[in-house]
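One structure is given here, and the rest of the page talks about it.
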Amino acid sequence: MSSITFIGAGNMARTIGALAVAGGNTVEVMARDHSKAEALAKTLGGGTTTGEWGAVPAGDIVITAMSYDGVVPTVAQYGDALAGKTIVDISNPFNITFDGLAHSEETSIAQEVAKVAPADASVFKAFNTIFRGVLENGRPDVFFAGDDPQAKADVAAFIKSLGLRPLDVGGLKMAHWLEGAGVLTVGLAGNGIGHGNLALGVNEFTG
């Protein structure tokens with residue numbers, strides 16, 4: 001099993017954290033407000049611990065569970081504390097009308113994270129195409145993107161431990177298109193499907 005640190009103590013940390021504990025992973029929570037980290041750790045149970053904000057995370061995989069505008073500054077603040085870690089960005093940089101991305105360039109929050117993270121850290125995008133309620137109640141496919149082959153295998157193994165199917169979409173530059181897929185998911189929820197009980201997935205067809 002994996003060792004996981006969540007930076008952030010919000011709803012996605014709680015949801016993914018509950019799956020991680022149930023899957024036998026070691027979990028740590030960090031938050032600017034340490035009392036929130038402690039409260040989430042107590043809720044998750046299973047030996048979940050807390051760490052001090054800015055300290056070296058105990059987890060080999062570090063999930064930045066926060067709004068998109070806080071991810072890059074937080075990784076930059078942690079600096080060398082993230083050396084050698086696998087960093088997973090799960091954020092969605094939606095614009096104010098939720099029909100596009102907040103950034104106009106062909107980049108992603110994960111790609112921007114890679115620019116400020118330690119050189120030996122591995123950065124991934126994952127989980128951003130899945131609504132929290134679906135994670136709580138369903139078994140959706142999890143698309144992920146990143147460059148390092150060994151870290152990619154570790155991320156896939158972690159996703160499998162949650163009872164979910166990991167689907168590798170390619171290198172980190174594909175994170176931009178995963179963010180676009182997040183916009184597509186919101187568009188489907190608000191229009192063609194009409195509710196959030198949906199997830200993008202892959203059906204394989206054989207001739």
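In the structure tokens, chains take letters A, B, ... by order of appearance, with residues numbered from 1 within each chain and ligands from 1 in the order shown.
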
What are the closest atom pairs, with distances in Å to one decimal, for all residues of range 119-160 of chain A lying within 12 Å of range 54-61 of chain A? Consider only C-alpha atoms, order rows by chain and residue number, and present the result as a Markdown table.
| residue | atom | partner | partner_atom | distance |
| --- | --- | --- | --- | --- |
| A:Ala121 | CA | A:Ile61 | CA | 10.1 |
| A:Ser122 | CA | A:Ile61 | CA | 9.4 |
| A:Val123 | CA | A:Ile61 | CA | 9.8 |
| A:Phe124 | CA | A:Ile61 | CA | 10.1 |
| A:Ala151 | CA | A:Ile61 | CA | 8.9 |
| A:Lys152 | CA | A:Ile61 | CA | 10.8 |
| A:Ala153 | CA | A:Ile61 | CA | 11.8 |
| A:Asp154 | CA | A:Ile61 | CA | 8.4 |
| A:Val155 | CA | A:Ile61 | CA | 7.7 |
| A:Ala156 | CA | A:Ile61 | CA | 11.4 |
| A:Ala157 | CA | A:Ile61 | CA | 11.2 |
| A:Phe158 | CA | A:Ile61 | CA | 8.9 |
| A:Ile159 | CA | A:Ile61 | CA | 11.4 |

Open item on the list: At a cut-off of 8 Å, using only C-alpha atoms, what residues contact Leu178 in chain A? Leave out same-chain residues fewer than 4 positions from it and give the result as a VMD selection string.
Closed with: chain A and resid 125 128 to 129 143 to 144 174 182

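When CA of Ala145 in chain A is paired with CA of Ile130 in chain A, their separation reads 14.7 Å.
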
Open item on the list: Set the distance at 8 Å and use only C-alpha atoms: which residues neighbour range 49-52 of chain A once local chain neighbours fewer than 6 positions away are removed? I'd like the list as a VMD selection string.
Closed with: chain A and resid 27 to 31 34 37 to 38 41 58

- [ ] Per DSSP on the backbone, filter chain A down to the residues in strand (DSSP E) and report them as a PyMOL selection string.
- [x] chain A and resi 3-7+26-30+49-50+61-64+86-89+122-126+141-146+165-170

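Of the residues listed (A:Gly79, A:Val113, A:His103, A:Phe98), A:Phe98 shows the shortest atom-to-atom separation from Ala189 in chain A; distances use only C-alpha atoms.
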
Show which residues sit within 9 Å of Ala65 in chain A, as a PDB file with C-alpha atoms, in the first residue's frame. Count only C-alpha atoms, and ignore same-chain residues fewer than 5 positions away.
ATOM      1  CA  PHE A   6      -2.960  15.510   1.853  1.00  0.00           C
ATOM      2  CA  ILE A   7      -2.079  19.184   1.815  1.00  0.00           C
ATOM      3  CA  GLY A   8      -5.502  20.617   2.509  1.00  0.00           C
ATOM      4  CA  ALA A   9      -8.344  19.428   4.705  1.00  0.00           C
ATOM      5  CA  GLY A  10     -11.430  20.122   2.607  1.00  0.00           C
ATOM      6  CA  ASN A  11     -14.082  17.939   1.019  1.00  0.00           C
ATOM      7  CA  MET A  12     -11.863  16.239  -1.565  1.00  0.00           C
ATOM      8  CA  ALA A  13      -9.232  15.424   1.059  1.00  0.00           C
ATOM      9  CA  VAL A  71      -1.665  24.980  -5.450  1.00  0.00           C
ATOM     10  CA  VAL A  88      -0.642  14.959  -7.413  1.00  0.00           C
ATOM     11  CA  ASP A  89      -2.648  18.043  -8.378  1.00  0.00           C
ATOM     12  CA  ILE A  90      -6.407  17.410  -8.358  1.00  0.00           C
ATOM     13  CA  SER A  91      -7.609  20.975  -8.941  1.00  0.00           C
TER      14      SER A  91
END

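The shortest atom-to-atom distance to Val142 in chain A, with only C-alpha atoms taken into account, belongs to A:Gly163 out of A:Gly84, A:Pro118, A:Gly180, A:Gly163.
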
- [ ] Identify which of the residues A:Leu44, A:Asp120, A:Val62, A:Glu112 lies closest to Asp80 in chain A, counting only C-alpha atoms when measuring atom-to-atom distances.
- [x] A:Asp120

Task: Nearest-residue call for Ser161 in chain A, choices A:Thr206, A:Thr15, A:Asn25, A:Ser3, using only C-alpha atoms - done: A:Asn25

TODO: Could you please write out, as a list in words, every residue of range 95-165 of chain A that DSSP assigns to alpha helix (DSSP H)?
DONE: Ile109, Ala110, Gln111, Glu112, Val113, Ala114, Lys115, Val116, Arg132, Gly133, Val134, Leu135, Glu136, Asn137, Pro149, Gln150, Ala151, Lys152, Ala153, Asp154, Val155, Ala156, Ala157, Phe158, Ile159, Lys160 and Ser161 of chain A

Please provide as a PDB file with N, CA, C and O atoms, in the first residue's frame all residues within 12 Å of Val183 in chain A, with the sequence filter that same-chain residues fewer than 6 positions apart are discarded (counting only C-alpha atoms).
ATOM      1  N   SER A  91      -6.781  19.775  -8.835  1.00  0.00           N
ATOM      2  CA  SER A  91      -7.609  20.975  -8.941  1.00  0.00           C
ATOM      3  C   SER A  91      -8.180  21.190 -10.338  1.00  0.00           C
ATOM      4  O   SER A  91      -7.698  20.642 -11.323  1.00  0.00           O
ATOM      5  N   ASN A  92      -9.200  22.027 -10.404  1.00  0.00           N
ATOM      6  CA  ASN A  92      -9.801  22.448 -11.664  1.00  0.00           C
ATOM      7  C   ASN A  92      -9.806  23.964 -11.736  1.00  0.00           C
ATOM      8  O   ASN A  92     -10.515  24.622 -10.964  1.00  0.00           O
ATOM      9  N   PRO A  93      -9.050  24.551 -12.663  1.00  0.00           N
ATOM     10  CA  PRO A  93      -9.003  26.005 -12.796  1.00  0.00           C
ATOM     11  C   PRO A  93     -10.136  26.524 -13.694  1.00  0.00           C
ATOM     12  O   PRO A  93      -9.913  27.007 -14.805  1.00  0.00           O
ATOM     13  N   PHE A  94     -11.366  26.417 -13.222  1.00  0.00           N
ATOM     14  CA  PHE A  94     -12.507  26.885 -14.003  1.00  0.00           C
ATOM     15  C   PHE A  94     -12.557  28.415 -14.017  1.00  0.00           C
ATOM     16  O   PHE A  94     -12.198  29.074 -13.042  1.00  0.00           O
ATOM     17  N   ASN A  95     -13.080  28.956 -15.131  1.00  0.00           N
ATOM     18  CA  ASN A  95     -13.350  30.393 -15.141  1.00  0.00           C
ATOM     19  C   ASN A  95     -14.635  30.669 -14.360  1.00  0.00           C
ATOM     20  O   ASN A  95     -15.284  29.737 -13.861  1.00  0.00           O
ATOM     21  N   ILE A  96     -15.040  31.932 -14.273  1.00  0.00           N
ATOM     22  CA  ILE A  96     -16.168  32.275 -13.397  1.00  0.00           C
ATOM     23  C   ILE A  96     -17.498  31.767 -13.925  1.00  0.00           C
ATOM     24  O   ILE A  96     -18.466  31.634 -13.160  1.00  0.00           O
ATOM     25  N   THR A  97     -17.567  31.454 -15.230  1.00  0.00           N
ATOM     26  CA  THR A  97     -18.812  30.930 -15.800  1.00  0.00           C
ATOM     27  C   THR A  97     -18.780  29.412 -15.984  1.00  0.00           C
ATOM     28  O   THR A  97     -19.721  28.823 -16.515  1.00  0.00           O
ATOM     29  N   PHE A  98     -17.712  28.782 -15.560  1.00  0.00           N
ATOM     30  CA  PHE A  98     -17.570  27.318 -15.609  1.00  0.00           C
ATOM     31  C   PHE A  98     -17.710  26.752 -17.031  1.00  0.00           C
ATOM     32  O   PHE A  98     -18.112  25.601 -17.202  1.00  0.00           O
ATOM     33  N   ASP A  99     -17.332  27.552 -18.028  1.00  0.00           N
ATOM     34  CA  ASP A  99     -17.365  27.042 -19.398  1.00  0.00           C
ATOM     35  C   ASP A  99     -16.003  27.194 -20.082  1.00  0.00           C
ATOM     36  O   ASP A  99     -15.885  27.184 -21.305  1.00  0.00           O
ATOM     37  N   GLY A 100     -14.974  27.330 -19.291  1.00  0.00           N
ATOM     38  CA  GLY A 100     -13.617  27.446 -19.807  1.00  0.00           C
ATOM     39  C   GLY A 100     -12.631  27.416 -18.655  1.00  0.00           C
ATOM     40  O   GLY A 100     -13.008  27.278 -17.492  1.00  0.00           O
ATOM     41  N   LEU A 101     -11.352  27.553 -18.998  1.00  0.00           N
ATOM     42  CA  LEU A 101     -10.298  27.516 -17.995  1.00  0.00           C
ATOM     43  C   LEU A 101      -9.899  28.928 -17.585  1.00  0.00           C
ATOM     44  O   LEU A 101      -9.994  29.872 -18.373  1.00  0.00           O
ATOM     45  N   ALA A 102      -9.449  29.054 -16.364  1.00  0.00           N
ATOM     46  CA  ALA A 102      -9.051  30.363 -15.845  1.00  0.00           C
ATOM     47  C   ALA A 102      -7.766  30.864 -16.500  1.00  0.00           C
ATOM     48  O   ALA A 102      -7.528  32.066 -16.548  1.00  0.00           O
ATOM     49  N   ASN A 128      -9.355  15.107 -11.264  1.00  0.00           N
ATOM     50  CA  ASN A 128     -10.056  16.374 -11.491  1.00  0.00           C
ATOM     51  C   ASN A 128     -11.315  16.235 -12.340  1.00  0.00           C
ATOM     52  O   ASN A 128     -12.117  17.165 -12.395  1.00  0.00           O
ATOM     53  N   THR A 129     -11.516  15.096 -12.990  1.00  0.00           N
ATOM     54  CA  THR A 129     -12.707  14.922 -13.816  1.00  0.00           C
ATOM     55  C   THR A 129     -13.850  14.246 -13.068  1.00  0.00           C
ATOM     56  O   THR A 129     -14.859  13.891 -13.680  1.00  0.00           O
ATOM     57  N   ILE A 130     -13.698  14.084 -11.751  1.00  0.00           N
ATOM     58  CA  ILE A 130     -14.680  13.314 -10.980  1.00  0.00           C
ATOM     59  C   ILE A 130     -15.307  14.194  -9.899  1.00  0.00           C
ATOM     60  O   ILE A 130     -14.604  14.797  -9.083  1.00  0.00           O
ATOM     61  N   PHE A 131     -16.625  14.259  -9.889  1.00  0.00           N
ATOM     62  CA  PHE A 131     -17.325  14.976  -8.829  1.00  0.00           C
ATOM     63  C   PHE A 131     -17.177  14.231  -7.502  1.00  0.00           C
ATOM     64  O   PHE A 131     -17.135  12.999  -7.458  1.00  0.00           O
ATOM     65  N   HIS A 176      -3.182  19.533 -19.338  1.00  0.00           N
ATOM     66  CA  HIS A 176      -3.994  20.627 -19.896  1.00  0.00           C
ATOM     67  C   HIS A 176      -5.323  20.100 -20.412  1.00  0.00           C
ATOM     68  O   HIS A 176      -6.375  20.698 -20.191  1.00  0.00           O
ATOM     69  N   TRP A 177      -5.281  18.977 -21.078  1.00  0.00           N
ATOM     70  CA  TRP A 177      -6.498  18.408 -21.669  1.00  0.00           C
ATOM     71  C   TRP A 177      -7.356  17.737 -20.605  1.00  0.00           C
ATOM     72  O   TRP A 177      -8.588  17.690 -20.742  1.00  0.00           O
ATOM     73  N   ALA A 189     -22.987  17.934 -16.831  1.00  0.00           N
ATOM     74  CA  ALA A 189     -23.823  17.951 -15.639  1.00  0.00           C
ATOM     75  C   ALA A 189     -24.885  19.038 -15.715  1.00  0.00           C
ATOM     76  O   ALA A 189     -26.020  18.853 -15.256  1.00  0.00           O
ATOM     77  N   GLY A 190     -24.526  20.171 -16.319  1.00  0.00           N
ATOM     78  CA  GLY A 190     -25.458  21.278 -16.379  1.00  0.00           C
ATOM     79  C   GLY A 190     -26.377  21.268 -17.576  1.00  0.00           C
ATOM     80  O   GLY A 190     -27.367  22.006 -17.606  1.00  0.00           O
ATOM     81  N   LEU A 200     -16.868  10.750 -16.479  1.00  0.00           N
ATOM     82  CA  LEU A 200     -16.301  10.327 -17.751  1.00  0.00           C
ATOM     83  C   LEU A 200     -15.578   8.998 -17.538  1.00  0.00           C
ATOM     84  O   LEU A 200     -14.948   8.767 -16.515  1.00  0.00           O
TER      85      LEU A 200
END

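Taking CA of Leu19 in chain A as the reference point, CA of Leu162 in chain A is found at 5.3 Å.
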
TODO: Kindly give the distance, in Å, that separates CA of Met1 in chain A and CA of Gly17 in chain A, rounded to a single decimal.
DONE: 13.6 Å

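Comparing A:Leu82, A:Ala126, A:Ile193, A:Ile109 by their smallest distance to Ser67 in chain A, the closest is A:Ile109 (using only C-alpha atoms).
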
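Comparing the minimum interatomic distances between Arg14 in chain A and each of A:Ala39, A:Val75, A:Ala117, A:Val169, counting only C-alpha atoms, we find that A:Ala39 sits nearest.
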